[in-house]
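J.: Next up, my_file.csv (CSV, C-alpha atoms).
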```
chain,number,residue,atom,x,y,z
A,209,MET,CA,-27.0,45.9,-12.1
A,210,PHE,CA,-26.5,42.1,-12.2
A,211,ASP,CA,-22.9,41.0,-12.2
A,212,ARG,CA,-22.4,38.1,-14.5
A,213,ARG,CA,-18.9,37.3,-13.5
A,214,VAL,CA,-18.4,34.1,-11.8
A,215,SER,CA,-16.1,34.1,-8.7
A,216,SER,CA,-13.1,31.8,-8.4
A,217,GLU,CA,-14.8,30.0,-5.6
A,218,GLN,CA,-17.9,29.4,-7.7
A,219,LYS,CA,-15.7,28.0,-10.5
A,220,ILE,CA,-14.0,25.6,-8.1
A,221,VAL,CA,-17.3,24.5,-6.6
A,222,ALA,CA,-18.6,23.8,-10.2
A,223,LYS,CA,-15.6,21.8,-11.0
A,224,ALA,CA,-15.9,19.8,-7.8
A,225,GLN,CA,-19.6,19.2,-8.5
A,226,ARG,CA,-18.9,17.9,-12.0
A,227,ALA,CA,-16.1,15.6,-10.7
A,228,LEU,CA,-18.5,14.2,-8.0
A,229,VAL,CA,-21.1,13.4,-10.6
A,230,ALA,CA,-18.5,11.6,-12.7
A,231,MET,CA,-17.3,9.7,-9.6
A,232,ARG,CA,-20.8,8.8,-8.7
A,233,LEU,CA,-21.2,7.3,-12.2
A,234,GLY,CA,-17.9,5.3,-11.8
A,235,ARG,CA,-15.9,7.4,-14.2
A,236,ASP,CA,-12.7,8.2,-12.4
A,237,ASP,CA,-10.9,9.5,-15.5
A,238,ASP,CA,-13.7,11.8,-16.3
A,239,ALA,CA,-13.6,13.1,-12.7
A,240,LEU,CA,-9.9,13.9,-13.0
A,241,ASP,CA,-10.6,15.6,-16.4
A,242,GLU,CA,-13.2,17.8,-14.6
A,243,VAL,CA,-10.8,19.0,-12.0
A,244,ALA,CA,-7.8,19.4,-14.2
A,245,PRO,CA,-6.4,22.7,-12.9
A,246,SER,CA,-5.5,25.8,-14.8
A,247,SER,CA,-3.0,26.4,-12.1
A,248,THR,CA,-1.5,24.8,-9.0
A,249,ALA,CA,-3.4,27.4,-6.9
A,250,GLU,CA,-6.7,26.2,-8.4
A,251,MET,CA,-5.9,22.6,-7.6
A,252,ARG,CA,-4.9,23.5,-4.0
A,253,GLU,CA,-8.3,25.4,-3.6
A,254,LEU,CA,-10.2,22.4,-5.0
A,255,VAL,CA,-8.5,19.8,-2.8
A,256,LEU,CA,-8.9,22.0,0.3
A,257,LEU,CA,-12.5,22.6,-0.5
A,258,LEU,CA,-13.2,18.9,-0.7
A,259,PHE,CA,-11.3,18.1,2.5
A,260,GLY,CA,-13.0,21.0,4.2
A,261,GLU,CA,-16.4,19.5,3.3
A,262,CYS,CA,-15.2,16.1,4.5
A,263,SER,CA,-14.1,17.6,7.8
A,264,THR,CA,-17.5,19.2,8.3
A,265,MET,CA,-19.3,15.9,7.6
A,266,VAL,CA,-16.9,14.0,9.9
A,267,SER,CA,-17.7,16.5,12.6
A,268,ALA,CA,-21.4,16.0,12.0
A,269,LEU,CA,-21.1,12.3,12.1
A,270,GLY,CA,-19.0,12.6,15.3
A,271,ASP,CA,-21.9,14.6,16.9
A,272,GLY,CA,-19.8,17.8,16.8
A,273,GLY,CA,-16.8,16.1,18.4
A,274,SER,CA,-18.6,14.4,21.3
A,275,ALA,CA,-18.5,11.0,19.6
A,276,PRO,CA,-15.1,10.3,18.0
A,277,VAL,CA,-14.9,9.1,14.4
A,278,LYS,CA,-12.1,6.6,13.7
A,279,VAL,CA,-10.0,7.0,10.6
A,280,GLN,CA,-8.6,3.7,9.4
A,281,VAL,CA,-6.3,2.8,6.5
A,282,PHE,CA,-6.4,-0.6,4.8
A,283,ASP,CA,-4.1,-2.3,2.4
A,284,GLU,CA,-5.1,-4.2,-0.8
A,285,ALA,CA,-5.7,-7.4,1.3
A,286,GLY,CA,-8.1,-5.5,3.6
A,287,GLU,CA,-5.7,-5.4,6.5
A,288,GLU,CA,-5.4,-2.2,8.6
A,289,VAL,CA,-2.1,-0.5,8.3
A,290,PRO,CA,-0.7,2.4,10.3
A,291,ILE,CA,-1.2,5.8,8.6
A,292,ASP,CA,2.6,6.2,8.3
A,293,GLU,CA,2.8,3.0,6.3
A,294,ALA,CA,0.1,3.9,3.8
A,295,ASP,CA,0.8,4.9,0.2
A,296,PRO,CA,1.9,8.6,0.1
A,297,PRO,CA,-1.4,9.9,-1.4
A,298,VAL,CA,-3.5,8.1,1.2
A,299,ARG,CA,-1.1,9.2,3.9
A,300,THR,CA,-1.5,12.8,2.7
A,301,ALA,CA,-5.2,12.5,2.5
A,302,VAL,CA,-5.6,11.2,6.0
A,303,ARG,CA,-3.2,13.8,7.5
A,304,THR,CA,-5.0,16.6,5.6
A,305,LEU,CA,-8.4,15.4,6.8
A,306,LEU,CA,-7.3,15.0,10.4
A,307,ALA,CA,-5.8,18.5,10.4
A,308,GLU,CA,-9.0,19.9,9.0
A,309,VAL,CA,-11.1,17.9,11.6
A,310,HIS,CA,-9.0,19.3,14.4
A,311,GLY,CA,-9.3,22.9,13.1
A,312,ASN,CA,-5.8,23.2,11.9
A,313,THR,CA,-6.3,24.5,8.4
A,314,GLU,CA,-2.7,25.7,8.2
A,315,ALA,CA,-1.4,22.1,8.7
A,316,ALA,CA,-4.0,20.9,6.1
A,317,GLU,CA,-2.8,23.5,3.6
A,318,GLU,CA,0.8,22.5,4.3
A,319,GLN,CA,0.0,18.8,3.5
A,320,VAL,CA,-1.7,19.7,0.3
A,321,GLU,CA,1.1,22.1,-0.7
A,322,ILE,CA,3.8,19.4,-0.1
A,323,ALA,CA,1.8,16.9,-2.2
A,324,LEU,CA,1.2,19.4,-5.1
A,325,SER,CA,4.8,20.6,-5.2
A,326,SER,CA,6.6,17.2,-4.8
A,327,ALA,CA,4.3,14.3,-5.7
A,328,ALA,CA,4.2,12.7,-9.0
A,329,PRO,CA,1.1,13.4,-11.2
A,330,ASP,CA,-0.4,10.0,-10.5
A,331,GLU,CA,0.0,10.6,-6.7
A,332,VAL,CA,-1.8,13.9,-7.0
A,333,ASN,CA,-4.5,12.2,-9.0
A,334,SER,CA,-4.8,9.6,-6.2
A,335,LEU,CA,-5.1,12.3,-3.6
A,336,VAL,CA,-7.9,14.1,-5.6
A,337,LEU,CA,-9.7,10.8,-6.2
A,338,GLN,CA,-9.5,10.0,-2.5
A,339,ALA,CA,-11.0,13.4,-1.6
A,340,LEU,CA,-13.8,12.8,-4.0
A,341,ARG,CA,-14.5,9.3,-2.7
A,342,TRP,CA,-14.6,10.4,0.9
A,343,THR,CA,-16.9,13.3,0.0
A,344,ILE,CA,-19.3,10.8,-1.7
A,345,ARG,CA,-19.1,8.3,1.2
A,346,LEU,CA,-19.4,10.8,4.0
A,347,SER,CA,-22.2,12.7,2.3
A,348,ALA,CA,-24.1,9.4,1.8
A,349,GLU,CA,-23.6,8.5,5.5
A,350,CYS,CA,-24.7,12.0,6.6
A,351,LEU,CA,-27.8,11.8,4.5
A,352,ASP,CA,-28.7,8.4,5.8
A,353,ARG,CA,-28.5,9.8,9.3
A,354,ASP,CA,-30.5,13.0,8.4
A,355,LEU,CA,-27.4,15.1,9.0
A,356,PRO,CA,-26.7,18.2,7.0
A,357,VAL,CA,-24.7,18.1,3.8
A,358,THR,CA,-23.6,21.3,2.0
A,359,ASP,CA,-26.0,22.2,-0.8
A,360,TRP,CA,-23.5,22.0,-3.6
A,361,VAL,CA,-22.4,18.4,-2.5
A,362,HIS,CA,-26.0,17.3,-2.1
A,363,GLU,CA,-26.9,18.7,-5.6
A,364,ALA,CA,-24.0,16.9,-7.2
A,365,LEU,CA,-24.9,13.6,-5.7
A,366,ALA,CA,-28.7,13.7,-5.9
A,367,ASP,CA,-30.2,10.9,-8.0
```
If you took the structure in this file and wrote it as structure tokens, what would it be?
T.:
Amino acid sequence: MFDRRVSSEQKIVAKAQRALVAMRLGRDDDALDEVAPSSTAEMRELVLLLFGECSTMVSALGDGGSAPVKVQVFDEAGEEVPIDEADPPVRTAVRTLLAEVHGNTEAAEEQVEIALSSAAPDEVNSLVLQALRWTIRLSAECLDRDLPVTDWVHEALAD
């Protein structure tokens, strides 16, 4: 018999897809509405899903680790700043991504947990928007280079 229940993961993926579509259309507020969590655990899953996908794409762009990919942080004036001097949401995003890229999922989870438990709501929103922006940019770069992109991301960003 066909099971009509939707798994928690499928719900998170569907939310992420809708948020990516909104971001692609330039509607940040709508993207945040799409990912509004029913719980902190759901938000954690969503953010980690996005950073996990970003990590996979960074690895693909870095030729599986043989060609390093540089992560840079810039201020409003376009000047590069050290990660530790970046705004807290950007700092958390970079640290989470780097932990994922280096296969340290536990450290990535810790970064997200700290942000979700101690950051102000606007900082959490900034973290989510950063993850969505990176997902869009990295997927576009992967597609331009004929590198794989997860189906659900590709579907959300297809024209």
J.: So which one's closest to Gly234 in chain A, A:Ala249, A:Leu340, A:Val309, A:Val361? Using only C-alpha atoms, please.
T.: A:Leu340
J.: Could you tell me which of A:Asp330, A:Asp359, A:Asp283, A:Glu349 comes closest to Val221 in chain A if we count all atoms listed in the file?
T.: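 Once distances to Val221 in chain A are computed over all atoms listed in the file, the minimum belongs to A:Asp359.
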J.: I'd like the neighbourhood of Gly260 in chain A as a count of residues only, where a residue qualifies if any of its atoms comes within 10 Å (using only C-alpha atoms), though same-chain residues fewer than 6 positions away should be ignored.
T.: 12
J.: Quote the spacing between CA of Val302 in chain A and CA of Val279 in chain A in Å to one decimal place.
T.: 7.6 Å
J.: Restricting the calculation to all atoms listed in the file, which member of A:Asn333, A:Ser326, A:Thr358, A:Gln280 is positioned closest to Ala239 in chain A?
T.: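 For Ala239 in chain A, the nearest of the given residues is A:Asn333.
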J.: Would you mind reading off the distance between CA of Ala224 in chain A and CA of Asp236 in chain A, one decimal, in Å?
T.: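 Those two atoms sit 12.9 Å apart.
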J.: Between CA of Leu228 in chain A and CA of Phe282 in chain A, what is the distance, to one decimal in Å?
T.: 23.0 Å
J.: Do a neighbour search on Met251 in chain A at 10 Å with all atoms listed in the file, toss out local chain neighbours closer than 2 positions, and write the hits as a PyMOL selection string.
T.: chain A and resi 220+243-249+253-257+320-321+324+332+336
J.: Rank nothing, just name the residue among A:Arg345, A:Ala328, A:Asp292, A:Lys278 nearest to Leu306 in chain A, using all atoms listed in the file.
T.: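 Result for the nearest residue to Leu306 in chain A: A:Lys278.
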J.: Would you pick out the contacts of Asp354 in chain A at 12 Å or less, using all atoms listed in the file, so that residues sharing its chain but fewer than 6 positions from it are not included, and give the list as an NGL selection string?
T.: :A and (265 or 268-269 or 347-348)
J.: In terms of the shortest atom-to-atom distance over all atoms listed in the file, which of A:Ile344, A:Ala301, A:Cys262, A:Ile322 is closest to Val281 in chain A?
T.: A:Ala301
J.: Skip Ala323 in chain A itself and residues of its chain fewer than 5 positions away, then list as a count of residues only all residues within 10 Å of it, counting all atoms listed in the file.
T.: 12
J.: Would you please work out which residue, of A:Arg226, A:Arg303, A:Arg341, A:Arg353, is nearest to Ala315 in chain A when using only C-alpha atoms?
T.: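 Checking each candidate against Ala315 in chain A, we get A:Arg303 as the closest.
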